[in-house]
Amino acid sequence: MKKLLLFIAIIGLSNINAQNFDAFKFYNKKTKEVSSKNLIKELADYDVVFIGKHHDNSINHWLEKRLTEAIFEKKNGQIILGAEMFERDNQQPLNSYLAGKIDAKNLKDSVRLWKNYETDYRPLVDFAKDKKLNFIATNVPRKYASQTSKQGIKSLNELPEAEKKYIAKLPIEVTLETPGYKEMKSLMGDHVDEMKLMNFVSAQAIKDATMAESIFQNLQSGKTFIHYNGDYHSKQYGGIYWYLKKKNPNLKIAVISVFESEKPDLSLPEKNFVPTEFNLVIPSDMTKTY
């Protein structure tokens, strides 16, 4: 009887040890799992790396910092950082903080920071400050996206020239054939009239086009530009990627897309899956930052 109980206990312990507690997995475009070491080796060879993210996922934010540090080491510091979370008209105070001319409180008072800045984005900014890296505020000021959503993209033509410098050069091409925008149309359904639909899509487009232009203007030969953005802005090769490729089709760009999974083995999605260069799978129950 004791031997039987011992056997059952061993089997039970084995089952516990067999459970999968992986926090993330990376897969390449061929849907093969890729190690962190090989991932960094490959990413260091790209001109631009888009790190897509779910803004509230803690492992996503931890990984983008670790990836940045690893690429920095691999390329001997030859990287440039940029992010959706900072808007073009906030570049000057951001530069002042990076140069040590203002402190964190002054930066908070001068820049429209996201509510999760302290936990999720400040570590990246402070890394750039510590390593004396350029950190580019790539996004369009939100007031222009709001104006586009309400009044249409042509309303931007009426802005003073001094304000237009914060927006990608006009006119901006907007097409529902762009990956992502077609999805926006289907999500909004047929109950939205075409003008409202196009205004909504155009508001997204001026963000993507402006971020693409900001990246393009700050590229430097031999350096990898690492850009942090919501997954929607680059997944399926749409959004920023699409606009950046239009500027230079020869740029070598890697997109890291992100997917949440309820499966213990963190396998790739089976439906509606369009792989990019690298595909990050994280647990759906991972701690959220807000």
# chains A, B, ... in the order shown; residues from 1 in each chain; ligands from 1
call {"tool": "residues_around", "arguments": {"residues": "A:Ser267", "least_positions_apart": "5", "cutoff": "12 Å", "atoms": "only C-alpha atoms", "output": "list in words"}}
result
Asn20, Asp22, Phe24, Lys25, Phe26, Tyr27, Thr31, Lys32, Glu33, Phe259, Glu260, Ser261, Glu262, Phe273, Asn279, Leu280, Val281, Ile282 and Pro283 of chain A
call {"tool": "write_last_selection", "arguments": {"atoms": "C-alpha atoms", "output": "mmCIF file, in the first residue's frame"}}
result
data_model
loop_
_atom_site.group_PDB
_atom_site.id
_atom_site.type_symbol
_atom_site.label_atom_id
_atom_site.label_comp_id
_atom_site.auth_asym_id
_atom_site.auth_seq_id
_atom_site.Cartn_x
_atom_site.Cartn_y
_atom_site.Cartn_z
ATOM 1 C CA ASN A 20 4.454 24.787 -18.835
ATOM 2 C CA ASP A 22 6.752 29.884 -20.184
ATOM 3 C CA PHE A 24 6.718 34.097 -23.874
ATOM 4 C CA LYS A 25 7.772 32.424 -27.100
ATOM 5 C CA PHE A 26 9.104 33.834 -30.368
ATOM 6 C CA TYR A 27 8.383 32.308 -33.765
ATOM 7 C CA THR A 31 6.289 29.622 -37.762
ATOM 8 C CA LYS A 32 9.327 27.891 -36.271
ATOM 9 C CA GLU A 33 10.230 28.694 -32.680
ATOM 10 C CA PHE A 259 -0.416 37.558 -29.898
ATOM 11 C CA GLU A 260 -1.981 36.551 -26.598
ATOM 12 C CA SER A 261 -2.714 32.865 -26.044
ATOM 13 C CA GLU A 262 -4.717 30.870 -23.517
ATOM 14 C CA PHE A 273 -2.871 34.556 -38.522
ATOM 15 C CA ASN A 279 5.864 36.670 -33.837
ATOM 16 C CA LEU A 280 5.685 36.972 -30.071
ATOM 17 C CA VAL A 281 3.174 34.858 -28.160
ATOM 18 C CA ILE A 282 2.436 35.754 -24.537
ATOM 19 C CA PRO A 283 -0.033 34.342 -21.995
#
call {"tool": "residues_around", "arguments": {"residues": "A:Asn199", "least_positions_apart": "4", "cutoff": "8 Å", "atoms": "only C-alpha atoms", "output": "PyMOL selection string"}}
result
chain A and resi 148-153+195+203
call {"tool": "write_last_selection", "arguments": {"atoms": "N, CA, C and O atoms", "output": "PDB file, in the first residue's frame"}}
result
ATOM      1  N   THR A 148      -8.804  65.479 -37.739  1.00  0.00           N
ATOM      2  CA  THR A 148      -9.047  64.660 -38.931  1.00  0.00           C
ATOM      3  C   THR A 148     -10.262  63.781 -38.755  1.00  0.00           C
ATOM      4  O   THR A 148     -11.071  63.627 -39.678  1.00  0.00           O
ATOM      5  N   SER A 149     -10.409  63.186 -37.584  1.00  0.00           N
ATOM      6  CA  SER A 149     -11.544  62.316 -37.315  1.00  0.00           C
ATOM      7  C   SER A 149     -12.865  63.060 -37.400  1.00  0.00           C
ATOM      8  O   SER A 149     -13.875  62.508 -37.846  1.00  0.00           O
ATOM      9  N   LYS A 150     -12.856  64.337 -37.030  1.00  0.00           N
ATOM     10  CA  LYS A 150     -14.094  65.120 -37.014  1.00  0.00           C
ATOM     11  C   LYS A 150     -14.335  65.875 -38.317  1.00  0.00           C
ATOM     12  O   LYS A 150     -15.471  65.973 -38.793  1.00  0.00           O
ATOM     13  N   GLN A 151     -13.264  66.407 -38.914  1.00  0.00           N
ATOM     14  CA  GLN A 151     -13.435  67.302 -40.060  1.00  0.00           C
ATOM     15  C   GLN A 151     -12.875  66.762 -41.368  1.00  0.00           C
ATOM     16  O   GLN A 151     -13.061  67.375 -42.413  1.00  0.00           O
ATOM     17  N   GLY A 152     -12.170  65.647 -41.305  1.00  0.00           N
ATOM     18  CA  GLY A 152     -11.602  65.079 -42.516  1.00  0.00           C
ATOM     19  C   GLY A 152     -10.165  65.497 -42.721  1.00  0.00           C
ATOM     20  O   GLY A 152      -9.707  66.526 -42.196  1.00  0.00           O
ATOM     21  N   ILE A 153      -9.441  64.713 -43.508  1.00  0.00           N
ATOM     22  CA  ILE A 153      -8.015  64.942 -43.688  1.00  0.00           C
ATOM     23  C   ILE A 153      -7.705  66.216 -44.480  1.00  0.00           C
ATOM     24  O   ILE A 153      -6.661  66.844 -44.290  1.00  0.00           O
ATOM     25  N   MET A 195     -18.274  58.868 -45.319  1.00  0.00           N
ATOM     26  CA  MET A 195     -17.478  60.021 -44.909  1.00  0.00           C
ATOM     27  C   MET A 195     -16.927  59.826 -43.490  1.00  0.00           C
ATOM     28  O   MET A 195     -15.747  60.064 -43.237  1.00  0.00           O
ATOM     29  N   ALA A 203      -7.704  59.438 -39.674  1.00  0.00           N
ATOM     30  CA  ALA A 203      -7.090  59.813 -38.400  1.00  0.00           C
ATOM     31  C   ALA A 203      -6.019  58.803 -38.013  1.00  0.00           C
ATOM     32  O   ALA A 203      -4.964  59.171 -37.468  1.00  0.00           O
TER      33      ALA A 203
END
call {"tool": "atom_distance", "arguments": {"atom1": "atom CA of A:Ile79", "atom2": "atom CA of A:Leu133"}}
result
7.3 Å
call {"tool": "closest_residue", "arguments": {"among": "A:Leu107, A:Ala209, A:Ala168, A:Leu67", "to": "A:Gly239", "atoms": "only C-alpha atoms"}}
result
A:Ala209
call {"tool": "residues_around", "arguments": {"residues": "A:Ile136", "least_positions_apart": "4", "cutoff": "9 Å", "atoms": "only C-alpha atoms", "output": "ChimeraX atom specification"}}
result
/A:80-83,86-88,91,94-95,214-215,218,227
call {"tool": "closest_residue", "arguments": {"among": "A:Lys75, A:Lys196, A:Lys246, A:Lys185", "to": "A:Ala212", "atoms": "only C-alpha atoms"}}
result
A:Lys246
call {"tool": "closest_residue", "arguments": {"among": "A:Lys115, A:Arg66, A:Asp285, A:Phe278", "to": "A:Lys29", "atoms": "only C-alpha atoms"}}
result
A:Phe278
call {"tool": "select_by_dssp", "arguments": {"residues": "stretch 201-270 of chain A", "states": "strand (DSSP E)", "output": "PyMOL selection string"}}
result
chain A and resi 224-230+253-261
call {"tool": "select_by_dssp", "arguments": {"residues": "stretch 139-288 of chain A", "states": "helix (DSSP H, G or I)", "output": "JSON, numbers by chain"}}
result
{"A": [142, 143, 144, 145, 146, 147, 148, 149, 150, 151, 153, 154, 155, 156, 157, 158, 161, 162, 163, 164, 181, 182, 183, 184, 185, 186, 187, 188, 194, 195, 196, 197, 198, 199, 200, 201, 202, 203, 204, 205, 206, 207, 208, 209, 210, 211, 212, 213, 214, 215, 216, 217, 231, 232, 233, 235, 236, 237, 239, 240, 241, 242, 243, 244, 245, 246, 247]}
call {"tool": "closest_atom_pairs", "arguments": {"of": "stretch 225-279 of chain A", "to": "stretch 54-61 of chain A", "cutoff": "9 Å", "atoms": "only C-alpha atoms", "output": "tab-separated table"}}
result
residue	atom	partner	partner_atom	distance
A:Asn229	CA	A:His55	CA	8.4
A:Gly230	CA	A:His54	CA	6.0
A:Asp231	CA	A:His54	CA	6.4
A:Tyr232	CA	A:His54	CA	8.9
A:Val258	CA	A:His54	CA	7.3
A:Phe259	CA	A:His54	CA	8.6
A:Glu260	CA	A:His54	CA	8.9
call {"tool": "write_last_selection", "arguments": {"atoms": "N, CA, C and O atoms", "output": "mmCIF file, in the first residue's frame"}}
result
data_model
loop_
_atom_site.group_PDB
_atom_site.id
_atom_site.type_symbol
_atom_site.label_atom_id
_atom_site.label_comp_id
_atom_site.auth_asym_id
_atom_site.auth_seq_id
_atom_site.Cartn_x
_atom_site.Cartn_y
_atom_site.Cartn_z
ATOM 1 N N ASN A 229 5.619 50.548 -30.782
ATOM 2 C CA ASN A 229 4.272 50.983 -31.151
ATOM 3 C C ASN A 229 3.254 49.894 -30.855
ATOM 4 O O ASN A 229 3.606 48.715 -30.744
ATOM 5 N N GLY A 230 2.005 50.306 -30.733
ATOM 6 C CA GLY A 230 0.937 49.329 -30.585
ATOM 7 C C GLY A 230 0.952 48.384 -31.766
ATOM 8 O O GLY A 230 1.240 48.787 -32.904
ATOM 9 N N ASP A 231 0.662 47.133 -31.500
ATOM 10 C CA ASP A 231 0.734 46.104 -32.536
ATOM 11 C C ASP A 231 -0.074 46.471 -33.769
ATOM 12 O O ASP A 231 0.315 46.168 -34.891
ATOM 13 N N TYR A 232 -1.192 47.154 -33.559
ATOM 14 C CA TYR A 232 -2.076 47.485 -34.684
ATOM 15 C C TYR A 232 -1.380 48.379 -35.711
ATOM 16 O O TYR A 232 -1.735 48.358 -36.894
ATOM 17 N N VAL A 258 2.561 40.665 -32.032
ATOM 18 C CA VAL A 258 2.310 40.049 -30.725
ATOM 19 C C VAL A 258 0.915 39.437 -30.673
ATOM 20 O O VAL A 258 -0.044 39.993 -31.211
ATOM 21 N N PHE A 259 0.840 38.285 -30.042
ATOM 22 C CA PHE A 259 -0.416 37.558 -29.898
ATOM 23 C C PHE A 259 -0.540 37.037 -28.470
ATOM 24 O O PHE A 259 0.440 36.566 -27.899
ATOM 25 N N GLU A 260 -1.731 37.130 -27.913
ATOM 26 C CA GLU A 260 -1.981 36.551 -26.598
ATOM 27 C C GLU A 260 -2.611 35.178 -26.783
ATOM 28 O O GLU A 260 -3.427 34.967 -27.686
#
call {"tool": "residues_around", "arguments": {"residues": "A:Tyr117", "least_positions_apart": "6", "cutoff": "10 Å", "atoms": "only C-alpha atoms", "output": "PDB file with C-alpha atoms, in the first residue's frame"}}
result
ATOM      1  CA  MET A  85       4.003  57.354 -27.186  1.00  0.00           C
ATOM      2  CA  LYS A 108       6.268  65.387 -16.916  1.00  0.00           C
ATOM      3  CA  PRO A 123      12.787  52.652 -18.438  1.00  0.00           C
ATOM      4  CA  LEU A 124      13.321  52.969 -22.202  1.00  0.00           C
ATOM      5  CA  VAL A 125      13.799  56.738 -22.063  1.00  0.00           C
TER       6      VAL A 125
END
call {"tool": "closest_residue", "arguments": {"among": "A:Met184, A:Ala128, A:Ile51, A:Val192", "to": "A:Ser234", "atoms": "only C-alpha atoms"}}
result
A:Ile51
call {"tool": "residues_around", "arguments": {"residues": "stretch 220-225 of chain A", "least_positions_apart": "6", "cutoff": "10 Å", "atoms": "only C-alpha atoms", "output": "JSON, numbers by chain"}}
result
{"A": [43, 44, 45, 46, 47, 48, 49, 50, 71, 72, 75, 76, 77, 78, 79, 80, 81, 82, 134, 135, 136, 252, 253]}
call {"tool": "write_last_selection", "arguments": {"atoms": "N, CA and C atoms", "output": "short mmCIF file (atom, residue, chain, number, x, y, z; two decimals), in the first residue's frame"}}
result
data_model
loop_
_atom_site.label_atom_id
_atom_site.label_comp_id
_atom_site.auth_asym_id
_atom_site.auth_seq_id
_atom_site.Cartn_x
_atom_site.Cartn_y
_atom_site.Cartn_z
N LEU A 43 17.86 40.38 -35.64
CA LEU A 43 17.33 41.74 -35.55
C LEU A 43 18.42 42.79 -35.75
N ALA A 44 19.61 42.50 -35.31
CA ALA A 44 20.71 43.46 -35.42
C ALA A 44 21.09 43.75 -36.86
N ASP A 45 20.59 42.95 -37.78
CA ASP A 45 20.94 43.10 -39.20
C ASP A 45 19.90 43.93 -39.96
N TYR A 46 18.88 44.44 -39.27
CA TYR A 46 17.82 45.20 -39.93
C TYR A 46 18.05 46.70 -39.81
N ASP A 47 17.51 47.44 -40.78
CA ASP A 47 17.55 48.91 -40.72
C ASP A 47 16.56 49.43 -39.69
N VAL A 48 15.38 48.81 -39.67
CA VAL A 48 14.31 49.23 -38.77
C VAL A 48 13.69 47.99 -38.14
N VAL A 49 13.41 48.08 -36.84
CA VAL A 49 12.72 47.01 -36.13
C VAL A 49 11.48 47.60 -35.45
N PHE A 50 10.32 47.11 -35.84
CA PHE A 50 9.08 47.51 -35.17
C PHE A 50 8.78 46.51 -34.06
N ILE A 71 20.13 44.30 -28.40
CA ILE A 71 20.51 44.81 -29.72
C ILE A 71 21.58 45.88 -29.57
N PHE A 72 21.47 46.70 -28.53
CA PHE A 72 22.49 47.71 -28.24
C PHE A 72 23.86 47.05 -28.07
N LYS A 75 25.14 45.49 -31.45
CA LYS A 75 25.56 46.46 -32.46
C LYS A 75 26.52 47.52 -31.90
N ASN A 76 27.08 47.26 -30.74
CA ASN A 76 28.04 48.19 -30.14
C ASN A 76 27.47 49.60 -30.03
N GLY A 77 26.20 49.67 -29.62
CA GLY A 77 25.57 50.96 -29.37
C GLY A 77 25.01 51.66 -30.58
N GLN A 78 25.08 51.05 -31.75
CA GLN A 78 24.63 51.70 -32.99
C GLN A 78 23.12 51.51 -33.20
N ILE A 79 22.34 52.13 -32.33
CA ILE A 79 20.89 52.06 -32.45
C ILE A 79 20.29 53.45 -32.21
N ILE A 80 19.07 53.62 -32.71
CA ILE A 80 18.27 54.82 -32.49
C ILE A 80 16.91 54.33 -32.00
N LEU A 81 16.34 55.04 -31.04
CA LEU A 81 15.05 54.65 -30.50
C LEU A 81 13.97 55.65 -30.91
N GLY A 82 12.75 55.17 -30.99
CA GLY A 82 11.61 56.04 -31.29
C GLY A 82 10.34 55.38 -30.84
N ASN A 134 19.79 58.74 -29.30
CA ASN A 134 18.67 59.54 -29.78
C ASN A 134 17.37 58.80 -29.52
N PHE A 135 16.38 59.53 -29.04
CA PHE A 135 15.05 58.96 -28.84
C PHE A 135 14.08 59.90 -29.55
N ILE A 136 13.45 59.39 -30.61
CA ILE A 136 12.64 60.23 -31.49
C ILE A 136 11.17 60.17 -31.12
N LYS A 252 15.40 47.38 -45.08
CA LYS A 252 15.24 46.07 -44.47
C LYS A 252 14.53 46.26 -43.13
N ILE A 253 13.28 45.86 -43.09
CA ILE A 253 12.44 46.13 -41.92
C ILE A 253 11.94 44.83 -41.31
#
call {"tool": "closest_residue", "arguments": {"among": "A:His233, A:Lys30, A:Lys182, A:Lys129", "to": "A:Gln204", "atoms": "only C-alpha atoms"}}
result
A:His233
call {"tool": "atom_distance", "arguments": {"atom1": "atom CA of A:Tyr228", "atom2": "atom CA of A:Glu69"}}
result
13.8 Å
call {"tool": "residues_around", "arguments": {"residues": "A:Tyr166", "least_positions_apart": "3", "cutoff": "12 Å", "atoms": "only C-alpha atoms", "output": "short mmCIF file (atom, residue, chain, number, x, y, z; two decimals) with N, CA, C and O atoms, in the first residue's frame"}}
result
data_model
loop_
_atom_site.label_atom_id
_atom_site.label_comp_id
_atom_site.auth_asym_id
_atom_site.auth_seq_id
_atom_site.Cartn_x
_atom_site.Cartn_y
_atom_site.Cartn_z
N PHE A 86 5.33 59.27 -27.92
CA PHE A 86 5.78 60.66 -27.87
C PHE A 86 5.43 61.35 -29.18
O PHE A 86 5.66 60.81 -30.26
N GLU A 87 4.91 62.57 -29.07
CA GLU A 87 4.44 63.30 -30.24
C GLU A 87 5.48 64.33 -30.69
O GLU A 87 6.23 64.88 -29.89
N ARG A 88 5.48 64.58 -31.97
CA ARG A 88 6.54 65.40 -32.59
C ARG A 88 6.79 66.73 -31.90
O ARG A 88 7.93 67.17 -31.77
N ASP A 89 5.73 67.40 -31.46
CA ASP A 89 5.92 68.73 -30.87
C ASP A 89 6.48 68.65 -29.45
O ASP A 89 6.72 69.69 -28.82
N ASN A 90 6.70 67.43 -28.95
CA ASN A 90 7.32 67.25 -27.63
C ASN A 90 8.80 66.85 -27.74
O ASN A 90 9.42 66.50 -26.73
N GLN A 91 9.37 66.92 -28.93
CA GLN A 91 10.75 66.48 -29.12
C GLN A 91 11.74 67.33 -28.33
O GLN A 91 12.70 66.80 -27.75
N ALA A 137 10.58 61.35 -30.94
CA ALA A 137 9.13 61.46 -30.74
C ALA A 137 8.49 61.39 -32.13
O ALA A 137 8.52 62.37 -32.87
N THR A 138 7.94 60.25 -32.49
CA THR A 138 7.56 60.02 -33.89
C THR A 138 6.12 60.37 -34.23
O THR A 138 5.79 60.61 -35.39
N ASN A 139 5.24 60.39 -33.25
CA ASN A 139 3.80 60.44 -33.54
C ASN A 139 3.31 61.85 -33.83
O ASN A 139 3.92 62.85 -33.42
N VAL A 140 2.17 61.92 -34.50
CA VAL A 140 1.53 63.20 -34.78
C VAL A 140 0.89 63.72 -33.49
O VAL A 140 0.38 62.91 -32.69
N PRO A 141 0.90 65.01 -33.22
CA PRO A 141 0.17 65.52 -32.06
C PRO A 141 -1.30 65.11 -32.14
O PRO A 141 -1.92 65.21 -33.19
N ARG A 142 -1.81 64.65 -31.02
CA ARG A 142 -3.15 64.04 -31.02
C ARG A 142 -4.25 64.98 -31.47
O ARG A 142 -5.28 64.54 -31.98
N LYS A 143 -4.04 66.30 -31.32
CA LYS A 143 -5.11 67.24 -31.71
C LYS A 143 -5.36 67.20 -33.21
O LYS A 143 -6.48 67.43 -33.67
N TYR A 144 -4.31 66.86 -34.00
CA TYR A 144 -4.49 66.80 -35.45
C TYR A 144 -5.20 65.51 -35.86
O TYR A 144 -5.96 65.50 -36.83
N ALA A 145 -4.97 64.45 -35.13
CA ALA A 145 -5.70 63.21 -35.38
C ALA A 145 -7.18 63.41 -35.04
O ALA A 145 -8.06 62.95 -35.76
N LEU A 156 -6.62 69.58 -42.78
CA LEU A 156 -5.24 69.83 -42.38
C LEU A 156 -4.55 70.81 -43.32
O LEU A 156 -3.58 71.46 -42.95
N LEU A 159 -4.14 74.40 -42.04
CA LEU A 159 -3.30 74.71 -40.89
C LEU A 159 -2.15 75.64 -41.29
O LEU A 159 -1.68 75.60 -42.44
N PRO A 160 -1.66 76.47 -40.36
CA PRO A 160 -0.48 77.29 -40.65
C PRO A 160 0.73 76.40 -40.95
O PRO A 160 0.82 75.28 -40.44
N GLU A 161 1.64 76.89 -41.74
CA GLU A 161 2.82 76.10 -42.11
C GLU A 161 3.62 75.68 -40.89
O GLU A 161 4.22 74.59 -40.87
N ALA A 162 3.63 76.51 -39.86
CA ALA A 162 4.38 76.19 -38.66
C ALA A 162 3.84 74.94 -37.96
O ALA A 162 4.58 74.23 -37.27
N GLU A 163 2.55 74.68 -38.14
CA GLU A 163 1.93 73.50 -37.52
C GLU A 163 2.06 72.26 -38.41
O GLU A 163 2.12 71.14 -37.91
N LYS A 169 4.19 65.00 -44.55
CA LYS A 169 3.96 65.88 -45.68
C LYS A 169 2.63 65.57 -46.36
O LYS A 169 2.33 64.43 -46.69
N LEU A 170 1.85 66.62 -46.56
CA LEU A 170 0.55 66.48 -47.22
C LEU A 170 0.72 66.56 -48.74
O LEU A 170 1.64 67.21 -49.22
N ILE A 206 -2.91 59.35 -40.56
CA ILE A 206 -1.95 60.44 -40.34
C ILE A 206 -0.98 60.10 -39.19
O ILE A 206 0.15 60.57 -39.18
N LYS A 207 -1.45 59.27 -38.25
CA LYS A 207 -0.52 58.79 -37.21
C LYS A 207 0.54 57.89 -37.85
O LYS A 207 1.75 58.08 -37.63
N ALA A 209 1.44 57.54 -41.04
CA ALA A 209 2.28 58.23 -42.02
C ALA A 209 3.29 59.14 -41.34
O ALA A 209 4.45 59.24 -41.77
N THR A 210 2.88 59.81 -40.27
CA THR A 210 3.78 60.70 -39.55
C THR A 210 4.88 59.91 -38.84
O THR A 210 6.06 60.30 -38.86
N MET A 211 4.52 58.79 -38.24
CA MET A 211 5.53 57.96 -37.59
C MET A 211 6.52 57.42 -38.61
O MET A 211 7.74 57.38 -38.36
N GLU A 213 7.35 58.82 -41.50
CA GLU A 213 8.20 59.93 -41.93
C GLU A 213 9.23 60.27 -40.86
O GLU A 213 10.41 60.54 -41.18
N SER A 214 8.82 60.25 -39.60
CA SER A 214 9.75 60.55 -38.50
C SER A 214 10.90 59.55 -38.47
O SER A 214 12.06 59.92 -38.25
#
call {"tool": "atom_distance", "arguments": {"atom1": "atom CA of A:Asn38", "atom2": "atom CA of A:Met286"}}
result
24.7 Å
